Amino acid sequence: MPGRKIAFAGTGNLGNNWGVLVNNHTPSETAGKISRREFFFRAGAAGALIAGSGLGGLALWQRRHFVPGFQEKSGLHLPSFALAPEALLPQMAIAHGDGHEKVIRAAIGALGGMGRFISKGDIVVIKPNIAFDRPPALAATTHPDALRALARLVLEAGAAKVLIADNPINSPAGCYLKSGLLAVADELQLDLLYPESGSFSPIQMDGEILKNWSFFEAPFQRATKVIGLAPCKDHNLCHASMTMKNWYGLLGGRRNQFHQHIHSIVSDFALMMKPTLVVLDGMNVLMKNGPTGGRLSDVKKMGTVVAGTDMVAVDSYGYTNLLERNLDELTYIHKANARGLGNMNWKESRYKEVQA
Amino acid sequence: MKLRTARRISQVFFFALFTFFVVVTDLRYLQGYPVSLFLELDPLVAFATAITTHTIYKGLLWSLVLIIPTVLFGRIFCNWICPYGILHHFIGWLFGKGRAPEQERIEANRYRSIYQIKYIILIAMVAAAVFGSLQIGLLDPICLFYRSMSTAILPAINLAIPGSVYVRQYFHEGAWAIGFLLFVLVGMNVFIPRFFCRVLCPLGAFLGALAPAALWRIERNPTKCVDCDLCLKNCEGASDPHTQLRKSECFVCFNCIEDCPEDALSFQFMPPLQHEVTLPAVPARRAFLGLLLGGAFFGFGRSSGASDRNYSKKVIRPPGSVEEKEFLDRCIKCDQCIRVCPTNVLQPAIFAAGIEGIWTPILNMKVGYCELNCTLCGQVCPTGAIQKISIEEKNGMGAFAEQGPVRIGTAFYDHGRCLPWSMETPCVVCEEVCPVSPKAIYSREVTITKRDGNPVTLRQPYVDPALCIGCGICERECPVTDEAAIRVTAIGETRSLDRRLLLDGGAA
């Protein structure tokens, strides 16, 4: 303590606390007058402080009020990743057989090969559905073998980079790990993106219900092609989750409100995303207790993969031929069809059915 | 190499190791790292849980390893290994007396009688443990530091740098209190060096009680000593090396030996005990007061009824948790389970579980939900408060099908808040996310006439209590987010026969 006291004593009278502004004091100065130079310096500092706070205040002044929650919203416009229409090659391919690798290759081959969709140097986003923390056998998530097969085809076609992105309902780390996709991403050196809060920005959709919504935008910043890779699943509310419903996983925000207008919103997804290609994995189909499943007895082996450029057609096939149900009840398909977002009469489209 | 250098290397190493284990206690990085090591090495955890449960759970046997250096050298743990002690040492150097004048530092490091408080705290905690209330975790340095990291520091870091710790930001109820407590305890170093270690630490007191048996100790040669007191300048433990060493207070930091200008101090094998104060200085009446305090804590806490008939519906314990009273026997509030939980559902209780259950883990479904295919909380629990159950045991699969799944509570609808039940609006998100198969939530399609006269067809949901496991994802995902229209309460948990709901246990 004695040391501190000495230090305080040394600073002398209060005037000396302005040591920064005031240079060499002589005893006569502290007694009475200050120099002209010091007068201007100190008056200038005081004036600058007043002027600076005034200008700063004006610059930050909010003149008008607003109504919280009703501000004008704006968002990015997502570009189309679809290719120009093809006159000759099939729009849809249905492949049957055993093993994801073989069947997916056969389906893509029937469409004219991956070279039709992917060019050298493309940056490709593959959107799987790993909404739930489930092992692959329960067929509630995109199967790792499906991702491996598809990603290999994309890489063989010369893609520079493959990004995998989904915003699951369950915790992302668990979904990425336990779906088996993390291991495939490591094996093939795909970039796996977690849905971090900074990865979302609003997009402008102007759909029937969804006008402006938080979107998992990070993977699309440099993407040149987009492929949807969805499992074929039963769904408790909207009957089925296939390639159109798969885009749900790119949205953020309060998704649990979607259920109030689920069919309109699922058809809005077809407006929101114009993918290069969609692949519906119907090798093992979750027939009931969807979209989560949970028992092997909920799953039926169907040995089919459907790939195509029109997700409405692909999903129509999936609903009638894989989930084996009546398309009349699938309201969102009818809505999408009526809005001109695709053709639900898949038999009318150019399709090719092959055996792998 | 100088002893001080060796000690600093050890400090950096163990602090880094502790931090590393805290960071990798995350589903993305866990790869069989022994993340519970520091808690398992902590002999107070093993000793106190052995009192309450008459067993030493799994890895707690590692604590015997720490007994060896303590019995050889004394409280070497406090200044060479303990990450919380190392934090205090560092902060004291940075903000405390580290740069104060020599005389001020010497005065700050003299023994003071308030340093006996830690022994009284230890006695009170051991007394409470004898009755069956494990409270060491409130102040045990490893538990306290882990809890602070898990609930306050890591979330705060992630707020500053999004994505650095979590994919989605974590929140913990009352994190501010835990964070500020850490701040205050660490900040006390400015006034009293090593305040926590010298005054409060029950683990330090426990090791201090073992230290009198140490074979090696600091010995002063009075013929060389010139009574300059420079040995106190950097004395971490305030153990009076300048006169009669207080062995129970000595942190074995070796600063006194290196600071002595006369070489009067040395580390000796079995020096004569007459030269020192061997036992902790605690007057018998104060020790008795500690006993009374511990007994009273148990008596008042337990008679509040929070662990008995008056239990709170909010005390939903993690899957694999033992019955509530046994839980209070075992949980050390380290909150490692809260750190590893992948959904942030685990929260440190404030008063929901009674005064005895402060900072023990409970599930808050407003924040997260219990992941069906996850037992990480039980994997990391060092004391078995949450048993290390497998996924098969948790979900009643395979060989465990007959006993059925572990249930942690039951979901109930609040029809007045439910969109399809009282607001003519379709929803059933709850049914969609219900993870069991068949789903515990089912819905019936009804066509009702709306207020405007038009019909609407929607699905109204129900809970099947025989299938519900209480995971709470329905509550988590309900669009009525302020107070969900379906909420899980603790009733129906399988860990307690007193708290089951269905007579047949709900076996499907």
# chains A, B, ... in the order shown; residues from 1 in each chain; ligands from 1
>>> interface_residues(of="chain B", to="chain A", cutoff="7 Å", atoms="only C-alpha atoms", output="list in words")
Leu27, Arg28, Gly163, Val167, Arg168, Pro342, Thr343, Asn373, Thr425, Pro426, Cys427, Val429, Glu432, Val433, Pro435, Val436, Ser437, Pro438, Lys439, Glu477, Cys478 and Pro479 of chain B
>>> write_last_selection(atoms="N, CA and C atoms", output="compact mmCIF listing (two decimals), in the first residue's frame")
# COMPACT_ATOMS: atom_id res chain seq x y z
N LEU B 27 -21.43 -35.47 -29.63
CA LEU B 27 -21.66 -36.61 -30.51
C LEU B 27 -20.73 -36.61 -31.73
N ARG B 28 -20.40 -35.41 -32.24
CA ARG B 28 -19.59 -35.35 -33.45
C ARG B 28 -18.14 -35.77 -33.24
N GLY B 163 -21.57 -21.32 -34.24
CA GLY B 163 -21.07 -22.51 -34.90
C GLY B 163 -19.77 -23.05 -34.34
N VAL B 167 -23.97 -26.85 -33.39
CA VAL B 167 -24.60 -26.60 -34.69
C VAL B 167 -25.74 -25.60 -34.50
N ARG B 168 -26.55 -25.84 -33.44
CA ARG B 168 -27.61 -24.90 -33.07
C ARG B 168 -27.31 -24.41 -31.66
N PRO B 342 -27.43 -34.29 -27.24
CA PRO B 342 -27.41 -33.72 -28.59
C PRO B 342 -28.58 -32.82 -28.91
N THR B 343 -29.58 -32.74 -28.02
CA THR B 343 -30.74 -31.91 -28.36
C THR B 343 -30.91 -30.73 -27.42
N ASN B 373 -32.78 -42.83 -30.34
CA ASN B 373 -31.61 -43.69 -30.51
C ASN B 373 -30.37 -43.10 -29.87
N THR B 425 -58.41 -26.04 -37.02
CA THR B 425 -57.24 -25.91 -37.90
C THR B 425 -56.48 -27.23 -37.95
N PRO B 426 -56.15 -27.72 -39.14
CA PRO B 426 -55.36 -28.96 -39.23
C PRO B 426 -53.95 -28.79 -38.67
N CYS B 427 -53.41 -29.87 -38.12
CA CYS B 427 -52.03 -29.77 -37.61
C CYS B 427 -51.37 -31.15 -37.51
N VAL B 429 -48.60 -32.16 -36.08
CA VAL B 429 -47.14 -32.27 -36.12
C VAL B 429 -46.68 -33.31 -35.10
N GLU B 432 -46.73 -36.70 -36.43
CA GLU B 432 -45.67 -36.88 -37.43
C GLU B 432 -44.35 -37.23 -36.77
N VAL B 433 -43.99 -36.51 -35.72
CA VAL B 433 -42.64 -36.67 -35.16
C VAL B 433 -42.55 -37.77 -34.11
N PRO B 435 -41.71 -40.84 -32.41
CA PRO B 435 -40.70 -41.73 -32.97
C PRO B 435 -40.94 -43.22 -32.75
N VAL B 436 -41.92 -43.59 -31.93
CA VAL B 436 -42.06 -45.02 -31.67
C VAL B 436 -42.93 -45.65 -32.74
N SER B 437 -42.79 -46.94 -32.90
CA SER B 437 -43.58 -47.65 -33.91
C SER B 437 -44.24 -48.86 -33.26
N PRO B 438 -45.58 -48.97 -33.27
CA PRO B 438 -46.52 -47.99 -33.81
C PRO B 438 -46.50 -46.68 -33.01
N LYS B 439 -46.91 -45.60 -33.66
CA LYS B 439 -46.85 -44.29 -33.01
C LYS B 439 -47.74 -44.25 -31.76
N GLU B 477 -42.00 -29.94 -30.87
CA GLU B 477 -42.34 -29.53 -32.23
C GLU B 477 -43.73 -28.92 -32.33
N CYS B 478 -44.49 -28.91 -31.24
CA CYS B 478 -45.84 -28.33 -31.28
C CYS B 478 -45.75 -26.87 -31.70
N PRO B 479 -46.61 -26.45 -32.65
CA PRO B 479 -46.52 -25.05 -33.10
C PRO B 479 -46.96 -24.04 -32.04
>>> residues_around(residues="stretch 314-321 of chain B", least_positions_apart="5", cutoff="9 Å", atoms="only C-alpha atoms", output="VMD selection string")
chain B and resid 327 337 346 349 352 to 353 361 to 364 370 375 377 to 378 384 to 389 394 406 to 409 470 488 to 491 493 495
>>> residues_around(residues="stretch 55-59 of chain B", least_positions_apart="2", cutoff="10 Å", atoms="only C-alpha atoms", output="list of chain:residue names")
B:Pro34, B:Ser36, B:Leu37, B:Leu39, B:Glu40, B:Leu41, B:Val45, B:Ala46, B:Phe47, B:Ala48, B:Thr49, B:Ala50, B:Ile51, B:Thr52, B:Thr53, B:Leu61, B:Trp62, B:Ser63, B:Arg330, B:Cys381, B:Pro382, B:Thr383, B:Gly384, B:Ala385, B:Gln387, B:Lys388
>>> atom_distance(atom1="atom CA of A:Pro275", atom2="atom CA of A:Glu72")
28.7 Å
>>> residues_around(residues="B:Leu232", least_positions_apart="6", cutoff="7 Å", atoms="only C-alpha atoms", output="list in words")
Ile106, Asn109, Arg110, His242 and Cys256 of chain B
>>> closest_residue(among="A:Met92, A:Gly180, A:Ser119, A:Asp145", to="A:Asp315", atoms="only C-alpha atoms")
A:Met92
>>> atom_distance(atom1="atom CA of A:Asn167", atom2="atom CA of A:Leu192")
11.6 Å
>>> residues_around(residues="B:Glu258", least_positions_apart="2", cutoff="9 Å", atoms="only C-alpha atoms", output="PDB file with C-alpha atoms, in the first residue's frame")
ATOM      1  CA  LYS B   2      13.625 -26.377 -12.455  1.00  0.00           C
ATOM      2  CA  LEU B   3      10.721 -27.726 -10.417  1.00  0.00           C
ATOM      3  CA  ARG B   4       8.731 -24.590 -11.191  1.00  0.00           C
ATOM      4  CA  CYS B 231       9.235 -17.967   0.811  1.00  0.00           C
ATOM      5  CA  PHE B 254       7.687 -25.661  -4.741  1.00  0.00           C
ATOM      6  CA  ASN B 255       7.702 -21.878  -5.128  1.00  0.00           C
ATOM      7  CA  CYS B 256       9.048 -21.444  -1.573  1.00  0.00           C
ATOM      8  CA  CYS B 260      14.441 -18.928  -0.708  1.00  0.00           C
ATOM      9  CA  PRO B 261      17.653 -16.908  -1.064  1.00  0.00           C
ATOM     10  CA  ASP B 263      18.600 -22.464   0.483  1.00  0.00           C
ATOM     11  CA  LEU B 265      13.990 -24.920   2.373  1.00  0.00           C
TER      12      LEU B 265
END
>>> closest_residue(among="B:Pro162, B:Pro43, B:Pro271, B:Pro241", to="B:Gly204", atoms="only C-alpha atoms")
B:Pro43
>>> select_by_dssp(residues="stretch 12-236 of chain A", states="alpha helix (DSSP H)", output="PyMOL selection string")
chain A and resi 27-31+36-60+100-110+144-156+172-178+181-188
>>> closest_residue(among="B:Asn189, B:Val282, B:Ala128, B:Glu323", to="B:Leu94", atoms="only C-alpha atoms")
B:Asn189
>>> residues_around(residues="stretch 216-229 of chain A", least_positions_apart="2", cutoff="6 Å", atoms="only C-alpha atoms", output="ChimeraX atom specification")
/A:81,122-128,199-200,250-251,275-279
>>> closest_residue(among="B:Cys418, B:Val322, B:Ala281, B:Ala264", to="B:Ala209", atoms="only C-alpha atoms")
B:Ala281
>>> atom_distance(atom1="atom CA of B:Val252", atom2="atom CA of B:Gly187")
23.3 Å
